[in-house]
Amino acid sequence: MSSDTVVMKFGGTSVADAERIRSAAKRIVAKREAGQRVVVVLSARGKETDRLIADAYEISERPAPREMDMLLSTGERVSCALAAMAINDLGHEAISLTGSQAGIVTDTSHTKARILDVRADRIVEALDQDRIVLVAGFQGVSTAKDVTTLGRGGSDTTAVALAAAVEADVCEIYTDVPGVFTSDPRIEPHARKIDVVSYEEMLEMSASGAGVLQLRSVEYARNHGVRIHCRSSFDPGDGTWVVPESEAAAAQQSQEQSVENPLITAVTHSTVEARVTLIGVPDTPGAAGKIAGALADARVNVDMIIQNEPPQDDTPADMSFTVPRDDAQAAEEALAPVVAELGIKALRTDPDMGKVSVIGAGMRTHPGVAAKVFRVLGEEGINIEMISTSPIKISCVVARDRVPDAVRALHGAFGLTGEDTIRPEEPFGQFT
Ligand code: ADP
Ligand code: ASP
Ligand code: MG
């Protein structure tokens with residue numbers, strides 16, 4: 001495949017109404033007219049996926065995951081068909097494809113499927129016929145021939161997977177903010193745009209709540225060496241490049257002269273955590289394995305785990321872990337038989353937890369970052385419930401309603417506040 005191919009992905013806000021679809025179409029056509037072969041990935045319009053999920057729960061308390069995927073996959077198909085019409089009206093030939101038609105093969109995990117293979121021959125054929133190819137994001141076809149979806153934000157992963165398959169120069173992610181910021185601009189309006197970030201830092205950011213790029217899309221990009229350019233769909237300026245660490249380090253070094261305190265790259269947050277505590281877990285080998293095994297079988301993603309030291313040998317311990325709030329019920333159900341089998345005294349769930357994280361490759365070589373994080377949160381009167389670290393990240397679980405204060409305090413304390421602030425279109429209003 002020639003190297004002049006580009007993948008352009010537009011998120012929900014960027015295709016929310018007819019005017020935005022037409023303006024995305026113009027941008028797509030401009031790329032084609034500049035001589036590039038263009039593959040486009042689109043998300044469902046506006047809040048369509050949320051609406052479809054609400055429709056499902058209006059009908060049934062427990063919608064079957066297979067049928068959920070049939071339903072959810074329609075949102076992105078609508079966007080693609082409409083955008084193809086807009087592109088045709090601009091005098092170019094476009095063809096819209098579902099994920100399945102585009103050759104995206106996944107495993108059978110409905111609503112959280114993983115891409116196994118991309119058989120891009122139909123896309124390549126259409127590009128060879130001088131067409132602009134529009135692919136419905138967030139979906140694929142499973143090895144059992146059922147429609148699957150890739151988890152919330154999954155169109156990013158579709159885009160990166162296609163970029164790898166067609167050997168595109170770059171995967172452009174067009175969204176409603178001008179790039180990846182030092183913090184979610186909806187919470188911290190003084191957040192600064194990051195020009196270049198490494199896959200490693202972006203992985204930690206996405207994993208700890210920066211929804212601007214889906215975690216799996218960053219994993220896929222790193223594994224396949226896809227360069228991501230995350231940028232605004234509303235203005236033409238350069239956004240954020242997500243690239244290998246060596247390249248990011250070189251770019252950051254040249255920036256260091258002008259930016260103070262490069263120790264921390266970003267402060268991220270999540271407000272969708274639940275904490276599950278098991279009280280009185282027998283202190284015997286194999287207990288933790290049974291607990292984690294039951295959760296893994298139920299496909300519940302466990303984040304932080306803490307087990308305290310029992311006061312004496314042979315007395316029961318307590319174990320706490322965090323899960324995404326949406327998985328809390330599944331976690332409770334999966335653990336019920338283990339609780340009975342091991343004679344665990346009680347299971348308690350706290351659904352109102354949040355998490356704040358600081359991320360930066362600089363902390364590998366600079367001690368004292370954790371101490372500063374704890375001190376800053378302490379000064380804000382914010383209680384730290386749980387802590388976890390990686391070589392380039394420190395995360396603290398805190399009460400959900402203190403998350404915005406925690407983000408702003410850490411962002412300021414680590415000198416990330418910038419001058420070029422932005423005001424997102426929809427303010428961070430629904431902090432529910
Ligand atoms: P899209 O529909 O284009 O995929 P998303 O809503 O998935 O858009 O992602 C963009 C949003 O991500 C922004 O509006 C912003 O509120 C949020 N966000 C969270 N953390 C960050 C961050 N560190 N930098 C930029 N945006 C962020
Ligand atoms: N429409 C899906 C969602 O809202 C996928 C995406 O936009 O990436 O999560
Ligand atoms: Mg998204």
# chains A, B, ... in the order shown; residues from 1 in each chain; ligands from 1
call {"tool": "residues_near_ligand", "arguments": {"ligand": "ligand 2", "cutoff": "10 Å", "atoms": "only C-alpha atoms and all ligand atoms", "output": "PyMOL selection string"}}
result
chain A and resi 9-13+41-53+72-76+136-139+149-159+211-214
call {"tool": "select_by_dssp", "arguments": {"residues": "segment 103-252 of chain A", "states": "helix (DSSP H, G or I)", "output": "PyMOL selection string"}}
result
chain A and resi 121-128+155-165+199-207+215-224+245-252
call {"tool": "write_last_selection", "arguments": {"atoms": "N, CA and C atoms", "output": "CSV table (one decimal), in the first residue's frame"}}
result
chain,number,residue,atom,x,y,z
A,121,ASP,N,-9.2,-5.9,2.5
A,121,ASP,CA,-9.2,-5.9,1.0
A,121,ASP,C,-10.3,-5.1,0.4
A,122,ARG,N,-11.5,-5.1,1.0
A,122,ARG,CA,-12.5,-4.3,0.4
A,122,ARG,C,-12.3,-2.8,0.5
A,123,ILE,N,-11.7,-2.4,1.6
A,123,ILE,CA,-11.3,-1.0,1.7
A,123,ILE,C,-10.3,-0.6,0.6
A,124,VAL,N,-9.3,-1.5,0.5
A,124,VAL,CA,-8.2,-1.2,-0.4
A,124,VAL,C,-8.7,-1.1,-1.9
A,125,GLU,N,-9.6,-2.1,-2.2
A,125,GLU,CA,-10.2,-2.1,-3.5
A,125,GLU,C,-11.0,-0.8,-3.8
A,126,ALA,N,-11.7,-0.3,-2.8
A,126,ALA,CA,-12.5,0.9,-3.0
A,126,ALA,C,-11.5,2.1,-3.1
A,127,LEU,N,-10.5,2.1,-2.3
A,127,LEU,CA,-9.5,3.2,-2.5
A,127,LEU,C,-8.9,3.2,-3.9
A,128,ASP,N,-8.6,2.0,-4.4
A,128,ASP,CA,-8.0,1.9,-5.7
A,128,ASP,C,-8.9,2.4,-6.8
A,155,SER,N,-14.7,3.8,18.6
A,155,SER,CA,-14.4,4.2,17.2
A,155,SER,C,-12.9,4.6,17.1
A,156,ASP,N,-12.3,5.1,18.2
A,156,ASP,CA,-10.9,5.4,18.2
A,156,ASP,C,-10.1,4.2,17.8
A,157,THR,N,-10.5,3.0,18.4
A,157,THR,CA,-9.8,1.8,18.1
A,157,THR,C,-10.0,1.3,16.7
A,158,THR,N,-11.2,1.5,16.2
A,158,THR,CA,-11.5,1.1,14.8
A,158,THR,C,-10.5,1.9,13.9
A,159,ALA,N,-10.4,3.2,14.2
A,159,ALA,CA,-9.6,4.1,13.4
A,159,ALA,C,-8.1,3.7,13.4
A,160,VAL,N,-7.6,3.4,14.6
A,160,VAL,CA,-6.2,3.0,14.7
A,160,VAL,C,-6.0,1.6,14.0
A,161,ALA,N,-6.9,0.7,14.2
A,161,ALA,CA,-6.8,-0.6,13.6
A,161,ALA,C,-6.8,-0.5,12.1
A,162,LEU,N,-7.6,0.4,11.5
A,162,LEU,CA,-7.6,0.5,10.1
A,162,LEU,C,-6.3,1.2,9.6
A,163,ALA,N,-5.9,2.2,10.4
A,163,ALA,CA,-4.6,2.9,10.0
A,163,ALA,C,-3.5,1.8,9.9
A,164,ALA,N,-3.5,0.9,10.9
A,164,ALA,CA,-2.4,-0.1,10.8
A,164,ALA,C,-2.6,-1.0,9.6
A,165,ALA,N,-3.9,-1.4,9.3
A,165,ALA,CA,-4.1,-2.3,8.2
A,165,ALA,C,-3.8,-1.7,6.9
A,199,TYR,N,3.4,7.1,23.7
A,199,TYR,CA,2.4,6.0,23.9
A,199,TYR,C,2.3,5.7,25.4
A,200,GLU,N,3.4,5.5,26.0
A,200,GLU,CA,3.4,5.1,27.4
A,200,GLU,C,2.6,6.0,28.3
A,201,GLU,N,2.9,7.3,28.2
A,201,GLU,CA,2.1,8.3,29.0
A,201,GLU,C,0.7,8.3,28.6
A,202,MET,N,0.4,8.3,27.3
A,202,MET,CA,-1.0,8.3,26.9
A,202,MET,C,-1.7,7.1,27.3
A,203,LEU,N,-1.0,5.9,27.4
A,203,LEU,CA,-1.7,4.7,27.9
A,203,LEU,C,-2.1,4.9,29.3
A,204,GLU,N,-1.2,5.4,30.1
A,204,GLU,CA,-1.6,5.7,31.5
A,204,GLU,C,-2.7,6.7,31.6
A,205,MET,N,-2.7,7.7,30.8
A,205,MET,CA,-3.7,8.7,30.8
A,205,MET,C,-5.1,8.1,30.5
A,206,SER,N,-5.1,7.4,29.4
A,206,SER,CA,-6.4,6.8,29.0
A,206,SER,C,-6.9,5.7,30.0
A,207,ALA,N,-5.9,5.0,30.6
A,207,ALA,CA,-6.3,4.0,31.5
A,207,ALA,C,-6.9,4.6,32.8
A,215,LEU,N,-8.6,3.6,25.6
A,215,LEU,CA,-7.3,2.9,26.0
A,215,LEU,C,-6.9,1.9,24.9
A,216,ARG,N,-7.8,1.1,24.4
A,216,ARG,CA,-7.4,0.1,23.5
A,216,ARG,C,-6.8,0.7,22.2
A,217,SER,N,-7.3,1.9,21.8
A,217,SER,CA,-6.7,2.5,20.6
A,217,SER,C,-5.3,2.9,20.8
A,218,VAL,N,-4.9,3.3,22.0
A,218,VAL,CA,-3.5,3.7,22.3
A,218,VAL,C,-2.7,2.4,22.4
A,219,GLU,N,-3.2,1.3,23.0
A,219,GLU,CA,-2.5,0.0,23.0
A,219,GLU,C,-2.2,-0.4,21.6
A,220,TYR,N,-3.3,-0.4,20.8
A,220,TYR,CA,-3.1,-0.8,19.4
A,220,TYR,C,-2.1,0.0,18.6
A,221,ALA,N,-2.1,1.3,18.8
A,221,ALA,CA,-1.2,2.2,18.2
A,221,ALA,C,0.2,1.9,18.6
A,222,ARG,N,0.4,1.7,19.8
A,222,ARG,CA,1.8,1.3,20.3
A,222,ARG,C,2.2,0.0,19.7
A,223,ASN,N,1.4,-1.0,19.7
A,223,ASN,CA,1.8,-2.3,19.3
A,223,ASN,C,2.0,-2.3,17.8
A,224,HIS,N,1.4,-1.5,17.0
A,224,HIS,CA,1.5,-1.5,15.6
A,224,HIS,C,2.3,-0.2,15.0
A,245,GLU,N,8.2,6.8,22.5
A,245,GLU,CA,8.8,7.6,23.6
A,245,GLU,C,10.0,8.4,23.2
A,246,SER,N,10.9,7.8,22.4
A,246,SER,CA,12.1,8.5,22.0
A,246,SER,C,11.8,9.8,21.3
A,247,GLU,N,10.8,9.7,20.5
A,247,GLU,CA,10.4,10.9,19.7
A,247,GLU,C,9.8,12.0,20.6
A,248,ALA,N,8.9,11.5,21.5
A,248,ALA,CA,8.2,12.4,22.5
A,248,ALA,C,9.2,13.0,23.4
A,249,ALA,N,10.2,12.3,23.8
A,249,ALA,CA,11.2,12.8,24.8
A,249,ALA,C,12.0,13.9,24.1
A,250,ALA,N,12.4,13.7,22.8
A,250,ALA,CA,13.1,14.8,22.1
A,250,ALA,C,12.3,16.0,22.0
A,251,ALA,N,11.0,15.9,21.6
A,251,ALA,CA,10.1,17.0,21.5
A,251,ALA,C,9.9,17.7,22.8
A,252,GLN,N,9.8,16.9,23.9
A,252,GLN,CA,9.5,17.5,25.2
A,252,GLN,C,10.7,18.3,25.7
call {"tool": "select_by_dssp", "arguments": {"residues": "segment 175-265 of chain A", "states": "strand (DSSP E or B)", "output": "CSV table (one decimal) with N, CA, C and O atoms, in the first residue's frame"}}
result
chain,number,residue,atom,x,y,z
A,175,THR,N,-11.9,15.7,17.2
A,175,THR,CA,-12.8,15.6,18.3
A,175,THR,C,-13.2,17.1,18.7
A,175,THR,O,-13.0,18.0,18.0
A,181,PHE,N,-5.1,17.3,26.6
A,181,PHE,CA,-4.8,18.4,27.5
A,181,PHE,C,-4.1,17.9,28.8
A,181,PHE,O,-4.2,16.7,29.1
A,193,LYS,N,-2.9,22.5,26.2
A,193,LYS,CA,-2.7,21.4,25.2
A,193,LYS,C,-1.3,20.9,25.2
A,193,LYS,O,-0.4,21.6,25.4
A,196,VAL,N,3.1,16.9,22.2
A,196,VAL,CA,3.6,15.6,21.8
A,196,VAL,C,3.6,14.7,23.1
A,196,VAL,O,4.0,15.2,24.2
A,197,VAL,N,3.0,13.5,23.0
A,197,VAL,CA,3.0,12.7,24.2
A,197,VAL,C,3.4,11.3,23.8
A,197,VAL,O,3.1,10.9,22.6
A,198,SER,N,4.1,10.5,24.6
A,198,SER,CA,4.5,9.2,24.3
A,198,SER,C,3.3,8.2,24.4
A,198,SER,O,2.4,8.4,25.2
A,228,ILE,N,-0.7,8.8,16.1
A,228,ILE,CA,-2.0,9.4,16.2
A,228,ILE,C,-1.8,10.9,16.3
A,228,ILE,O,-0.9,11.4,17.0
A,229,HIS,N,-2.7,11.6,15.6
A,229,HIS,CA,-2.8,13.0,15.7
A,229,HIS,C,-4.2,13.4,16.2
A,229,HIS,O,-5.1,13.3,15.4
A,230,CYS,N,-4.3,13.8,17.4
A,230,CYS,CA,-5.6,14.1,18.0
A,230,CYS,C,-5.8,15.6,17.9
A,230,CYS,O,-5.0,16.4,18.4
A,231,ARG,N,-6.9,16.0,17.3
A,231,ARG,CA,-7.0,17.4,16.9
A,231,ARG,C,-8.5,17.8,16.9
A,231,ARG,O,-9.4,17.0,16.9
A,232,SER,N,-8.7,19.1,16.8
A,232,SER,CA,-10.1,19.7,16.8
A,232,SER,C,-10.7,19.5,15.4
A,232,SER,O,-10.1,19.7,14.4
A,240,THR,N,-2.5,17.2,19.2
A,240,THR,CA,-1.5,16.4,20.0
A,240,THR,C,-1.0,15.2,19.2
A,240,THR,O,-1.9,14.4,18.7
A,241,TRP,N,0.3,15.0,19.1
A,241,TRP,CA,0.8,13.8,18.5
A,241,TRP,C,1.1,12.8,19.5
A,241,TRP,O,1.8,13.1,20.5
A,242,VAL,N,0.7,11.6,19.3
A,242,VAL,CA,1.0,10.4,20.2
A,242,VAL,C,1.9,9.5,19.5
A,242,VAL,O,1.6,9.0,18.4
A,243,VAL,N,3.2,9.4,20.0
A,243,VAL,CA,4.3,8.8,19.2
A,243,VAL,C,5.2,8.0,20.1
A,243,VAL,O,5.0,8.1,21.4
call {"tool": "residues_around", "arguments": {"residues": "Asp146 of chain A", "least_positions_apart": "6", "cutoff": "12 Å", "atoms": "only C-alpha atoms", "output": "PyMOL selection string"}}
result
chain A and resi 65-70+73+99-100+104-111+113+139-140
call {"tool": "write_last_selection", "arguments": {"atoms": "all heavy atoms", "output": "CSV table (one decimal), in the first residue's frame"}}
result
chain,number,residue,atom,x,y,z
A,65,PRO,N,-26.7,-9.2,25.6
A,65,PRO,CA,-25.5,-8.5,25.0
A,65,PRO,C,-25.5,-8.6,23.5
A,65,PRO,O,-25.2,-7.6,22.8
A,65,PRO,CB,-24.3,-9.2,25.6
A,65,PRO,CG,-24.8,-9.7,26.9
A,65,PRO,CD,-26.3,-10.1,26.7
A,66,ARG,N,-25.9,-9.7,22.9
A,66,ARG,CA,-25.9,-9.8,21.5
A,66,ARG,C,-26.8,-8.8,20.8
A,66,ARG,O,-26.5,-8.2,19.9
A,66,ARG,CB,-26.3,-11.3,21.1
A,66,ARG,CG,-26.3,-11.4,19.6
A,66,ARG,CD,-26.8,-12.7,19.1
A,66,ARG,NE,-26.8,-12.9,17.6
A,66,ARG,CZ,-27.6,-12.3,16.8
A,66,ARG,NH1,-28.6,-11.5,17.2
A,66,ARG,NH2,-27.4,-12.4,15.5
A,67,GLU,N,-28.0,-8.7,21.4
A,67,GLU,CA,-29.0,-7.8,20.9
A,67,GLU,C,-28.6,-6.3,21.1
A,67,GLU,O,-28.9,-5.4,20.3
A,67,GLU,CB,-30.4,-8.1,21.4
A,67,GLU,CG,-30.8,-9.5,21.2
A,67,GLU,CD,-30.7,-10.0,19.8
A,67,GLU,OE1,-30.8,-9.2,18.8
A,67,GLU,OE2,-30.3,-11.2,19.6
A,68,MET,N,-27.9,-6.1,22.3
A,68,MET,CA,-27.4,-4.8,22.5
A,68,MET,C,-26.5,-4.3,21.4
A,68,MET,O,-26.5,-3.2,20.9
A,68,MET,CB,-26.7,-4.9,23.9
A,68,MET,CG,-26.5,-3.6,24.6
A,68,MET,SD,-28.0,-3.0,25.2
A,68,MET,CE,-27.5,-1.5,25.9
A,69,ASP,N,-25.6,-5.2,21.0
A,69,ASP,CA,-24.7,-4.9,19.9
A,69,ASP,C,-25.4,-4.6,18.6
A,69,ASP,O,-25.0,-3.7,17.8
A,69,ASP,CB,-23.6,-6.0,19.8
A,69,ASP,CG,-22.5,-5.9,20.8
A,69,ASP,OD1,-22.5,-4.8,21.5
A,69,ASP,OD2,-21.7,-6.8,21.0
A,70,MET,N,-26.4,-5.4,18.3
A,70,MET,CA,-27.2,-5.1,17.1
A,70,MET,C,-27.8,-3.7,17.1
A,70,MET,O,-27.8,-3.0,16.2
A,70,MET,CB,-28.4,-6.1,17.0
A,70,MET,CG,-28.0,-7.5,16.5
A,70,MET,SD,-27.3,-7.5,14.9
A,70,MET,CE,-28.8,-7.5,13.9
A,73,SER,N,-24.8,-0.8,17.2
A,73,SER,CA,-24.0,-0.6,16.0
A,73,SER,C,-24.7,0.2,15.0
A,73,SER,O,-24.1,0.7,14.0
A,73,SER,CB,-23.7,-2.0,15.4
A,73,SER,OG,-24.9,-2.7,15.1
A,99,GLY,N,-18.8,-2.1,10.0
A,99,GLY,CA,-17.5,-2.7,10.5
A,99,GLY,C,-17.3,-4.1,9.9
A,99,GLY,O,-16.2,-4.4,9.5
A,100,SER,N,-18.4,-4.9,9.8
A,100,SER,CA,-18.3,-6.2,9.2
A,100,SER,C,-17.9,-6.1,7.7
A,100,SER,O,-17.0,-6.8,7.3
A,100,SER,CB,-19.7,-6.9,9.4
A,100,SER,OG,-19.8,-8.0,8.6
A,104,ILE,N,-13.6,-6.0,9.8
A,104,ILE,CA,-13.1,-5.9,11.2
A,104,ILE,C,-13.6,-7.2,12.0
A,104,ILE,O,-14.8,-7.3,12.3
A,104,ILE,CB,-13.5,-4.6,11.9
A,104,ILE,CG1,-12.8,-3.5,11.2
A,104,ILE,CG2,-13.1,-4.6,13.4
A,104,ILE,CD1,-13.2,-2.1,11.5
A,105,VAL,N,-12.7,-8.1,12.3
A,105,VAL,CA,-13.0,-9.3,12.9
A,105,VAL,C,-12.7,-9.2,14.4
A,105,VAL,O,-11.6,-8.8,14.8
A,105,VAL,CB,-12.3,-10.5,12.3
A,105,VAL,CG1,-12.7,-11.8,13.0
A,105,VAL,CG2,-12.6,-10.6,10.8
A,106,THR,N,-13.6,-9.6,15.3
A,106,THR,CA,-13.4,-9.5,16.7
A,106,THR,C,-13.6,-10.8,17.4
A,106,THR,O,-14.1,-11.8,16.8
A,106,THR,CB,-14.4,-8.5,17.3
A,106,THR,OG1,-15.7,-9.1,17.4
A,106,THR,CG2,-14.5,-7.2,16.6
A,107,ASP,N,-13.3,-10.8,18.7
A,107,ASP,CA,-13.7,-12.0,19.5
A,107,ASP,C,-15.2,-11.9,19.8
A,107,ASP,O,-15.9,-11.0,19.2
A,107,ASP,CB,-12.8,-12.1,20.8
A,107,ASP,CG,-13.1,-10.9,21.7
A,107,ASP,OD1,-14.1,-10.2,21.6
A,107,ASP,OD2,-12.2,-10.7,22.6
A,108,THR,N,-15.7,-12.8,20.6
A,108,THR,CA,-17.2,-12.9,20.8
A,108,THR,C,-17.6,-12.2,22.0
A,108,THR,O,-18.8,-12.4,22.5
A,108,THR,CB,-17.6,-14.4,20.8
A,108,THR,OG1,-16.8,-15.0,21.9
A,108,THR,CG2,-17.3,-15.1,19.5
A,109,SER,N,-16.8,-11.3,22.7
A,109,SER,CA,-17.2,-10.6,23.9
A,109,SER,C,-18.1,-9.5,23.6
A,109,SER,O,-17.7,-8.3,23.4
A,109,SER,CB,-16.0,-10.1,24.6
A,109,SER,OG,-15.1,-11.1,24.8
A,110,HIS,N,-19.4,-9.7,23.5
A,110,HIS,CA,-20.4,-8.7,23.1
A,110,HIS,C,-20.2,-7.5,24.1
A,110,HIS,O,-20.1,-7.6,25.3
A,110,HIS,CB,-21.8,-9.2,23.2
A,110,HIS,CG,-22.1,-10.1,21.9
A,110,HIS,ND1,-22.2,-9.5,20.7
A,110,HIS,CD2,-22.2,-11.4,21.8
A,110,HIS,CE1,-22.4,-10.5,19.8
A,110,HIS,NE2,-22.4,-11.7,20.5
A,111,THR,N,-20.4,-6.3,23.5
A,111,THR,CA,-20.3,-5.0,24.1
A,111,THR,C,-18.9,-4.6,24.6
A,111,THR,O,-18.7,-3.4,24.9
A,111,THR,CB,-21.3,-4.7,25.3
A,111,THR,OG1,-20.8,-5.4,26.4
A,111,THR,CG2,-22.7,-5.2,24.9
A,113,ALA,N,-15.9,-6.1,22.8
A,113,ALA,CA,-15.2,-7.0,21.9
A,113,ALA,C,-13.8,-6.5,21.6
A,113,ALA,O,-13.6,-5.3,21.6
A,113,ALA,CB,-15.9,-7.3,20.6
A,139,GLN,N,-17.4,-1.1,15.9
A,139,GLN,CA,-18.1,-2.4,15.7
A,139,GLN,C,-17.3,-3.3,14.8
A,139,GLN,O,-16.4,-2.9,14.1
A,139,GLN,CB,-19.4,-2.1,15.0
A,139,GLN,CG,-19.3,-1.4,13.7
A,139,GLN,CD,-20.6,-1.0,13.1
A,139,GLN,OE1,-21.3,-1.7,12.4
A,139,GLN,NE2,-21.1,0.2,13.4
A,140,GLY,N,-17.6,-4.5,14.8
A,140,GLY,CA,-17.0,-5.5,14.0
A,140,GLY,C,-17.9,-6.7,13.9
A,140,GLY,O,-19.1,-6.7,14.2
call {"tool": "closest_residue", "arguments": {"among": "A:Gln253, A:Thr277, A:Thr315, A:Thr271", "to": "Asp401 of chain A", "atoms": "only C-alpha atoms"}}
result
A:Thr271
call {"tool": "closest_residue", "arguments": {"among": "A:His190, A:Glu380, A:Asp176, A:Gly368", "to": "Gly412 of chain A", "atoms": "only C-alpha atoms"}}
result
A:His190
call {"tool": "closest_residue", "arguments": {"among": "A:Glu93, A:Asp184, A:Glu172, A:Glu19", "to": "ligand 1", "atoms": "only C-alpha atoms and all ligand atoms"}}
result
A:Asp184
call {"tool": "closest_residue", "arguments": {"among": "A:Arg375, A:Arg192, A:Arg402, A:His366", "to": "ligand 1", "atoms": "only C-alpha atoms and all ligand atoms"}}
result
A:Arg192
call {"tool": "closest_residue", "arguments": {"among": "A:Arg131, A:Asp283, A:Val177, A:Arg119", "to": "ligand 3", "atoms": "only C-alpha atoms and all ligand atoms"}}
result
A:Val177
call {"tool": "atom_distance", "arguments": {"atom1": "atom CA of Leu134 of chain A", "atom2": "atom 12 (O, counted along the ligand's line) of ligand 1"}}
result
23.0 Å
call {"tool": "closest_residue", "arguments": {"among": "A:Ile59, A:Val358, A:Ala330, A:Ala287", "to": "ligand 1", "atoms": "only C-alpha atoms and all ligand atoms"}}
result
A:Val358
call {"tool": "atom_distance", "arguments": {"atom1": "atom CA of Arg62 of chain A", "atom2": "atom CA of Asp326 of chain A"}}
result
12.9 Å
call {"tool": "residues_around", "arguments": {"residues": "Leu377 of chain A", "least_positions_apart": "2", "cutoff": "10 Å", "atoms": "only C-alpha atoms", "output": "PyMOL selection string"}}
result
chain A and resi 372-375+379-384+396+398+402+405-407+409-410
call {"tool": "residues_around", "arguments": {"residues": "Gly286 of chain A", "least_positions_apart": "5", "cutoff": "12 Å", "atoms": "only C-alpha atoms", "output": "PDB file with N, CA and C atoms, in the first residue's frame"}}
result
ATOM      1  N   VAL A 281     -11.910 -12.204  55.019  1.00  0.00           N
ATOM      2  CA  VAL A 281     -11.465 -13.197  54.030  1.00  0.00           C
ATOM      3  C   VAL A 281     -10.472 -14.132  54.722  1.00  0.00           C
ATOM      4  N   ILE A 291     -11.118 -15.335  44.369  1.00  0.00           N
ATOM      5  CA  ILE A 291     -11.849 -14.066  44.227  1.00  0.00           C
ATOM      6  C   ILE A 291     -11.556 -13.446  42.861  1.00  0.00           C
ATOM      7  N   ALA A 292     -10.271 -13.337  42.530  1.00  0.00           N
ATOM      8  CA  ALA A 292      -9.902 -12.708  41.263  1.00  0.00           C
ATOM      9  C   ALA A 292     -10.400 -13.544  40.087  1.00  0.00           C
ATOM     10  N   GLY A 293     -10.373 -14.871  40.253  1.00  0.00           N
ATOM     11  CA  GLY A 293     -10.824 -15.757  39.172  1.00  0.00           C
ATOM     12  C   GLY A 293     -12.302 -15.559  38.876  1.00  0.00           C
ATOM     13  N   VAL A 338     -18.375 -17.319  45.880  1.00  0.00           N
ATOM     14  CA  VAL A 338     -17.061 -17.364  46.540  1.00  0.00           C
ATOM     15  C   VAL A 338     -17.205 -16.946  48.004  1.00  0.00           C
ATOM     16  N   LEU A 342     -15.965 -19.559  50.797  1.00  0.00           N
ATOM     17  CA  LEU A 342     -14.832 -19.260  51.682  1.00  0.00           C
ATOM     18  C   LEU A 342     -15.271 -18.815  53.075  1.00  0.00           C
TER      19      LEU A 342
END
call {"tool": "decode", "arguments": {"residues": "segment 9-22 of chain A", "atoms": "N, CA and C atoms", "output": "mmCIF file, in the first residue's frame"}}
result
data_model
loop_
_atom_site.group_PDB
_atom_site.id
_atom_site.type_symbol
_atom_site.label_atom_id
_atom_site.label_comp_id
_atom_site.auth_asym_id
_atom_site.auth_seq_id
_atom_site.Cartn_x
_atom_site.Cartn_y
_atom_site.Cartn_z
ATOM 1 N N LYS A 9 -10.783 10.135 11.793
ATOM 2 C CA LYS A 9 -11.910 9.691 12.615
ATOM 3 C C LYS A 9 -12.615 10.905 13.230
ATOM 4 N N PHE A 10 -13.919 10.967 13.052
ATOM 5 C CA PHE A 10 -14.696 12.060 13.639
ATOM 6 C C PHE A 10 -15.584 11.512 14.750
ATOM 7 N N GLY A 11 -15.505 12.135 15.916
ATOM 8 C CA GLY A 11 -16.293 11.698 17.072
ATOM 9 C C GLY A 11 -17.726 12.232 17.006
ATOM 10 N N GLY A 12 -18.517 11.824 17.986
ATOM 11 C CA GLY A 12 -19.949 12.122 17.996
ATOM 12 C C GLY A 12 -20.306 13.596 17.846
ATOM 13 N N THR A 13 -19.630 14.457 18.607
ATOM 14 C CA THR A 13 -19.955 15.892 18.540
ATOM 15 C C THR A 13 -19.641 16.441 17.151
ATOM 16 N N SER A 14 -18.646 15.857 16.506
ATOM 17 C CA SER A 14 -18.193 16.370 15.217
ATOM 18 C C SER A 14 -19.139 16.018 14.066
ATOM 19 N N VAL A 15 -20.092 15.122 14.333
ATOM 20 C CA VAL A 15 -21.067 14.771 13.284
ATOM 21 C C VAL A 15 -22.490 14.882 13.842
ATOM 22 N N ALA A 16 -22.657 15.762 14.861
ATOM 23 C CA ALA A 16 -23.914 15.786 15.616
ATOM 24 C C ALA A 16 -25.115 16.235 14.788
ATOM 25 N N ASP A 17 -24.925 17.165 13.863
ATOM 26 C CA ASP A 17 -26.070 17.623 13.065
ATOM 27 C C ASP A 17 -25.653 17.751 11.596
ATOM 28 N N ALA A 18 -26.644 18.128 10.766
ATOM 29 C CA ALA A 18 -26.399 18.144 9.310
ATOM 30 C C ALA A 18 -25.255 19.102 8.954
ATOM 31 N N GLU A 19 -25.240 20.233 9.629
ATOM 32 C CA GLU A 19 -24.203 21.223 9.311
ATOM 33 C C GLU A 19 -22.806 20.669 9.611
ATOM 34 N N ARG A 20 -22.688 19.985 10.736
ATOM 35 C CA ARG A 20 -21.372 19.420 11.105
ATOM 36 C C ARG A 20 -20.979 18.278 10.177
ATOM 37 N N ILE A 21 -21.945 17.499 9.757
ATOM 38 C CA ILE A 21 -21.618 16.418 8.807
ATOM 39 C C ILE A 21 -21.107 17.043 7.512
ATOM 40 N N ARG A 22 -21.759 18.129 7.069
ATOM 41 C CA ARG A 22 -21.303 18.786 5.827
ATOM 42 C C ARG A 22 -19.911 19.369 6.025
#
